[in-house]
Every structure is written in structure tokens, then in C-alpha cells.
file target.cif (mmCIF, C-alpha atoms)
data_protein
loop_
_atom_site.group_PDB
_atom_site.id
_atom_site.type_symbol
_atom_site.label_atom_id
_atom_site.label_comp_id
_atom_site.auth_asym_id
_atom_site.auth_seq_id
_atom_site.Cartn_x
_atom_site.Cartn_y
_atom_site.Cartn_z
ATOM 1 C CA MET J 4 100.151 118.512 69.792
ATOM 2 C CA PRO J 5 102.003 118.490 73.151
ATOM 3 C CA ASN J 6 104.450 115.713 73.906
ATOM 4 C CA GLN J 7 103.219 113.185 76.406
ATOM 5 C CA ILE J 8 105.746 112.003 78.923
ATOM 6 C CA SER J 9 105.336 108.486 80.185
ATOM 7 C CA ILE J 10 107.172 107.856 83.416
ATOM 8 C CA GLN J 11 107.277 104.339 84.684
ATOM 9 C CA MET J 12 108.298 103.480 88.204
ATOM 10 C CA ASN J 13 110.691 100.569 88.443
ATOM 11 C CA ILE J 14 109.082 98.390 91.089
ATOM 12 C CA PRO J 15 111.322 95.533 92.206
ATOM 13 C CA THR J 16 109.645 92.239 93.006
ATOM 14 C CA GLU J 17 110.744 88.903 94.357
ATOM 15 C CA ILE J 18 109.055 85.603 95.013
ATOM 16 C CA ARG J 19 109.285 83.920 98.396
ATOM 17 C CA GLU J 20 107.575 80.577 98.895
ATOM 18 C CA ASN J 21 105.123 81.244 96.043
ATOM 19 C CA ILE J 22 104.257 84.662 97.502
ATOM 20 C CA LEU J 23 104.896 87.810 95.502
ATOM 21 C CA VAL J 24 106.823 90.477 97.409
ATOM 22 C CA VAL J 25 106.566 93.955 95.909
ATOM 23 C CA LEU J 26 109.193 96.511 96.929
ATOM 24 C CA PRO J 27 108.142 100.018 95.822
ATOM 25 C CA GLU J 28 110.677 102.776 96.376
ATOM 26 C CA GLY J 29 110.480 106.537 96.860
ATOM 27 C CA ASN J 30 107.166 108.272 96.298
ATOM 28 C CA LEU J 31 104.042 106.381 95.321
ATOM 29 C CA SER J 32 102.613 109.283 93.308
ATOM 30 C CA LYS J 33 99.733 109.210 90.860
ATOM 31 C CA LEU J 34 101.912 107.920 88.011
ATOM 32 C CA ALA J 35 103.746 105.428 90.201
ATOM 33 C CA ALA J 36 100.415 104.202 91.598
ATOM 34 C CA ARG J 37 99.257 103.505 88.055
ATOM 35 C CA ASP J 38 102.393 101.444 87.453
ATOM 36 C CA LEU J 39 101.907 99.564 90.727
ATOM 37 C CA GLY J 40 98.299 98.834 89.811
ATOM 38 C CA GLU J 41 99.327 97.482 86.414
ATOM 39 C CA LEU J 42 102.036 95.328 87.994
ATOM 40 C CA LEU J 43 99.643 93.849 90.561
ATOM 41 C CA LYS J 44 96.992 93.211 87.910
ATOM 42 C CA THR J 45 99.518 91.441 85.672
ATOM 43 C CA GLU J 46 100.917 89.328 88.504
ATOM 44 C CA SER J 47 97.407 88.404 89.647
ATOM 45 C CA SER J 48 96.500 87.262 86.132
ATOM 46 C CA GLU J 49 99.630 85.084 86.221
ATOM 47 C CA GLY J 50 98.394 83.366 89.379
ATOM 48 C CA PHE J 51 99.863 85.382 92.242
ATOM 49 C CA HIS J 52 97.053 86.020 94.718
ATOM 50 C CA HIS J 53 99.130 86.256 97.900
ATOM 51 C CA ILE J 54 101.094 89.484 97.949
ATOM 52 C CA VAL J 55 103.272 91.419 100.382
ATOM 53 C CA ILE J 56 103.838 95.097 99.673
ATOM 54 C CA ASP J 57 106.988 95.954 101.601
ATOM 55 C CA CYS J 58 107.127 99.673 102.364
ATOM 56 C CA ARG J 59 110.616 100.005 103.884
ATOM 57 C CA GLU J 60 111.857 102.094 100.915
ATOM 58 C CA LEU J 61 108.564 103.912 100.375
ATOM 59 C CA VAL J 62 108.819 107.528 101.535
ATOM 60 C CA ASN J 63 105.427 108.946 100.605
ATOM 61 C CA ILE J 64 102.093 107.655 99.320
ATOM 62 C CA SER J 65 99.412 109.589 97.452
ATOM 63 C CA SER J 66 95.679 109.025 97.591
ATOM 64 C CA ASP J 67 96.060 107.230 94.239
ATOM 65 C CA GLY J 68 98.583 104.876 95.837
ATOM 66 C CA LEU J 69 96.207 104.174 98.713
ATOM 67 C CA ARG J 70 93.397 103.502 96.255
ATOM 68 C CA VAL J 71 95.542 101.027 94.277
ATOM 69 C CA ILE J 72 96.480 99.126 97.434
ATOM 70 C CA LEU J 73 92.858 98.947 98.599
ATOM 71 C CA HIS J 74 91.591 97.906 95.152
ATOM 72 C CA SER J 75 94.309 95.252 94.864
ATOM 73 C CA PHE J 76 93.512 93.972 98.363
ATOM 74 C CA LYS J 77 89.877 93.506 97.338
ATOM 75 C CA GLN J 78 90.910 91.742 94.115
ATOM 76 C CA MET J 79 93.198 89.337 95.977
ATOM 77 C CA LYS J 80 90.467 88.527 98.507
ATOM 78 C CA ALA J 81 87.950 87.909 95.712
ATOM 79 C CA ALA J 82 90.457 85.510 94.115
ATOM 80 C CA GLY J 83 90.865 83.607 97.389
ATOM 81 C CA GLY J 84 94.155 85.267 98.265
ATOM 82 C CA ASN J 85 95.351 88.119 100.416
ATOM 83 C CA LEU J 86 97.447 91.265 100.285
ATOM 84 C CA VAL J 87 99.373 92.516 103.319
ATOM 85 C CA VAL J 88 101.848 95.320 103.973
ATOM 86 C CA SER J 89 105.126 95.271 105.854
ATOM 87 C CA SER J 90 107.872 97.570 107.119
ATOM 88 C CA LEU J 91 105.697 100.673 107.302
ATOM 89 C CA ARG J 92 107.481 103.987 107.775
ATOM 90 C CA ASN J 93 106.104 107.139 109.363
ATOM 91 C CA GLN J 94 104.232 108.931 106.547
ATOM 92 C CA VAL J 95 103.026 105.759 104.892
ATOM 93 C CA ALA J 96 101.926 104.254 108.218
ATOM 94 C CA SER J 97 100.085 107.476 109.083
ATOM 95 C CA ALA J 98 98.312 107.563 105.719
ATOM 96 C CA LEU J 99 97.151 103.950 106.063
ATOM 97 C CA GLU J 100 96.058 104.548 109.669
ATOM 98 C CA VAL J 101 94.145 107.776 108.983
ATOM 99 C CA THR J 102 92.238 106.215 106.093
ATOM 100 C CA GLY J 103 91.298 103.194 108.209
ATOM 101 C CA MET J 104 93.020 100.785 105.839
ATOM 102 C CA LEU J 105 95.016 99.190 108.651
ATOM 103 C CA LYS J 106 91.724 97.969 110.091
ATOM 104 C CA ILE J 107 91.234 95.701 107.086
ATOM 105 C CA ILE J 108 94.723 95.158 105.657
ATOM 106 C CA GLU J 109 97.140 93.232 107.863
ATOM 107 C CA SER J 110 100.442 94.965 108.646
ATOM 108 C CA PHE J 111 103.697 93.307 109.695
ATOM 109 C CA SER J 112 107.010 94.625 110.968
ATOM 110 C CA ASP J 113 109.072 92.884 108.268
ATOM 111 C CA ILE J 114 108.834 90.838 105.090
ATOM 112 C CA ASP J 115 109.665 87.518 106.731
ATOM 113 C CA THR J 116 106.796 87.790 109.207
ATOM 114 C CA ALA J 117 104.382 88.814 106.445
ATOM 115 C CA VAL J 118 105.451 85.891 104.228
ATOM 116 C CA PHE J 119 105.140 83.478 107.159
ATOM 117 C CA PHE J 120 101.594 84.752 107.829
ATOM 118 C CA LEU J 121 100.517 84.345 104.197
ATOM 119 C CA LYS J 122 102.218 80.951 103.873
ATOM 120 C CA SER J 123 100.386 79.779 107.019
ATOM 121 C CA ASN J 124 97.090 80.912 105.494
ATOM 122 C CA ILE J 125 97.836 79.089 102.244
ATOM 123 C CA ASP J 126 98.712 75.907 104.137
ATOM 124 C CA SER J 127 95.492 76.144 106.178
ATOM 125 C CA LEU J 128 93.381 76.577 103.043
ATOM 126 C CA GLU J 129 95.030 73.590 101.386
ATOM 127 C CA LYS J 130 94.369 71.408 104.443
ATOM 128 C CA GLU J 131 90.691 72.438 104.430
ATOM 129 C CA LYS J 132 90.406 71.311 100.792
ATOM 130 C CA GLU J 133 91.668 67.795 101.622
#

call {"tool": "encode", "arguments": {"input": "target.cif", "output": "C-alpha cells"}}
result
Amino acid sequence: MPNQISIQMNIPTEIRENILVVLPEGNLSKLAARDLGELLKTESSEGFHHIVIDCRELVNISSDGLRVILHSFKQMKAAGGNLVVSSLRNQVASALEVTGMLKIIESFSDIDTAVFFLKSNIDSLEKEKE
């Protein structure tokens, strides 16, 4: 029986104003996309439905990575939240543009602007509930 190698991508995260910021690094390959998907699913089940994926350290993204981002975006929207991207670099920006994902997923130049946008949306939703 052949040995199975399990590679897990270390995906740093931080929390800013109750918003999860995900900071993938390097190449978002098929295996790394799986890890990102699992991370986002876990964080969503723990109550994080407003997420920024910051792409400043992301060099390349596979079709699996694109699929995970789109699927996670749909999950966050269904849960009353949102998922946005920030700090897009050339290849990643091109991939999101060519697939049309930037027509539905908001993109921001930096993390702070993305967090401000999501925080503003959260505040607006809370005011509507009052």
C-alpha cells in the first residue's frame, strides 16, 4: 500500500473587530485550497460569518482555490455575512477577474479598508434589527 502524504498549509489568521482575517501565503494549490476550505468551514461553525481573505502574500491560485473562495462566499452570504478579498496581486487578481468573481466578491486595496467595509455592514444590519 503506498504511503499517503498529507500536506497542510499553515494559514495565519487574526481577528479584527469581530471579523476574521485570513492570510494565505504562497501558492493556493489543490491541497492548500482544501486546507483553506476546512479552516473557513470551522471558523464559520464557530460564528465567524464576516471574513477578509488578504492576498498580499498569495502568489498563485489554482482553480480549486477559486472554487473554495466562491463556495465560502456563498456560505457566508447564506449565513447573513460576507466574504471579501484584499491586497490582490497580479496573478491572483487576474484569476479572479477572468473568472468573473470580482463582479460578485468585493475587493479592497488593503485589510483595513476591507475590515472597515465589513464592520460598516455589520453596524447597518444591527441598526435595522432595532

call {"tool": "atom_distance", "arguments": {"input": "target.cif", "atom1": "CA of Ile56 in chain J", "atom2": "CA of Asn124 in chain J"}}
result
16.8 Å

call {"tool": "resolve_selection", "arguments": {"input": "target.cif", "expression": "the PyMOL selection byres ((chain J and resi 106-123) around 10)", "output": "ChimeraX atom specification"}}
result
/J:18-26,53-59,72-73,76-77,84-92,96,99-100,102-105,124-129

call {"tool": "atom_distance", "arguments": {"input": "target.cif", "atom1": "CA of Ala36 in chain J", "atom2": "CA of Gly68 in chain J"}}
result
4.7 Å

call {"tool": "residues_around", "arguments": {"input": "target.cif", "residues": "Pro27 in chain J", "least_positions_apart": "3", "cutoff": "7 Å", "atoms": "only C-alpha atoms", "output": "PyMOL selection string"}}
result
chain J and resi 14-15+58+60-61

call {"tool": "atom_distance", "arguments": {"input": "target.cif", "atom1": "CA of Ala82 in chain J", "atom2": "CA of His52 in chain J"}}
result
6.6 Å

call {"tool": "closest_residue", "arguments": {"input": "target.cif", "among": "J:Glu28, J:Ile64, J:Arg70, J:Glu46", "to": "Asn93 in chain J", "atoms": "all atoms listed in the file"}}
result
J:Ile64

call {"tool": "closest_residue", "arguments": {"input": "target.cif", "among": "J:Val95, J:Lys44, J:Glu49, J:Ser66", "to": "Gln78 in chain J", "atoms": "all atoms listed in the file"}}
result
J:Lys44

call {"tool": "residues_around", "arguments": {"input": "target.cif", "residues": "Asn30 in chain J", "least_positions_apart": "2", "cutoff": "6 Å", "atoms": "all atoms listed in the file", "output": "list in words"}}
result
Ser32, Val62, Asn63 and Ile64 of chain J

call {"tool": "axis_aligned_box", "arguments": {"input": "target.cif", "around": "range 57-61 of chain J", "padding_each_side": "8 Å", "output": "JSON"}}
result
{"center_x": 109.4, "center_y": 99.9, "center_z": 102.1, "size_x": 20.9, "size_y": 24.0, "size_z": 19.5}

call {"tool": "decode", "arguments": {"input": "target.cif", "residues": "range 75-96 of chain J", "atoms": "N, CA and C atoms", "output": "compact mmCIF listing (two decimals), in the first residue's frame"}}
result
# COMPACT_ATOMS: atom_id res chain seq x y z
N SER J 75 -17.16 29.49 -0.23
CA SER J 75 -17.17 30.13 1.09
C SER J 75 -17.93 31.45 1.06
N PHE J 76 -17.79 32.19 -0.02
CA PHE J 76 -18.55 33.45 -0.18
C PHE J 76 -20.05 33.15 -0.11
N LYS J 77 -20.48 32.13 -0.83
CA LYS J 77 -21.90 31.77 -0.84
C LYS J 77 -22.37 31.32 0.54
N GLN J 78 -21.53 30.58 1.25
CA GLN J 78 -21.87 30.14 2.61
C GLN J 78 -22.01 31.32 3.56
N MET J 79 -21.09 32.28 3.46
CA MET J 79 -21.16 33.45 4.34
C MET J 79 -22.41 34.26 4.05
N LYS J 80 -22.74 34.44 2.79
CA LYS J 80 -23.94 35.19 2.42
C LYS J 80 -25.20 34.49 2.94
N ALA J 81 -25.24 33.17 2.81
CA ALA J 81 -26.39 32.40 3.29
C ALA J 81 -26.54 32.51 4.80
N ALA J 82 -25.42 32.73 5.50
CA ALA J 82 -25.44 32.85 6.96
C ALA J 82 -25.65 34.30 7.40
N GLY J 83 -25.90 35.18 6.44
CA GLY J 83 -26.10 36.59 6.78
C GLY J 83 -24.82 37.39 6.90
N GLY J 84 -23.73 36.83 6.42
CA GLY J 84 -22.43 37.50 6.50
C GLY J 84 -21.91 37.90 5.13
N ASN J 85 -20.59 37.98 5.04
CA ASN J 85 -19.97 38.36 3.78
C ASN J 85 -18.52 37.91 3.79
N LEU J 86 -17.97 37.72 2.62
CA LEU J 86 -16.56 37.41 2.44
C LEU J 86 -16.05 38.35 1.38
N VAL J 87 -14.92 39.02 1.67
CA VAL J 87 -14.30 39.94 0.73
C VAL J 87 -12.83 39.59 0.60
N VAL J 88 -12.19 40.12 -0.42
CA VAL J 88 -10.75 39.91 -0.61
C VAL J 88 -10.05 41.26 -0.57
N SER J 89 -8.76 41.21 -0.21
CA SER J 89 -7.98 42.45 -0.19
C SER J 89 -6.56 42.18 -0.66
N SER J 90 -5.88 43.27 -1.01
CA SER J 90 -4.46 43.24 -1.37
C SER J 90 -4.14 42.26 -2.50
N LEU J 91 -4.95 42.30 -3.54
CA LEU J 91 -4.75 41.37 -4.66
C LEU J 91 -3.46 41.68 -5.41
N ARG J 92 -2.74 40.64 -5.76
CA ARG J 92 -1.53 40.77 -6.57
C ARG J 92 -1.84 40.29 -7.99
N ASN J 93 -0.91 40.50 -8.87
CA ASN J 93 -1.12 40.29 -10.31
C ASN J 93 -1.83 39.00 -10.70
N GLN J 94 -1.22 37.84 -10.44
CA GLN J 94 -1.79 36.57 -10.91
C GLN J 94 -3.12 36.28 -10.23
N VAL J 95 -3.20 36.55 -8.96
CA VAL J 95 -4.42 36.27 -8.22
C VAL J 95 -5.53 37.22 -8.69
N ALA J 96 -5.20 38.48 -8.87
CA ALA J 96 -6.17 39.46 -9.37
C ALA J 96 -6.67 39.06 -10.76
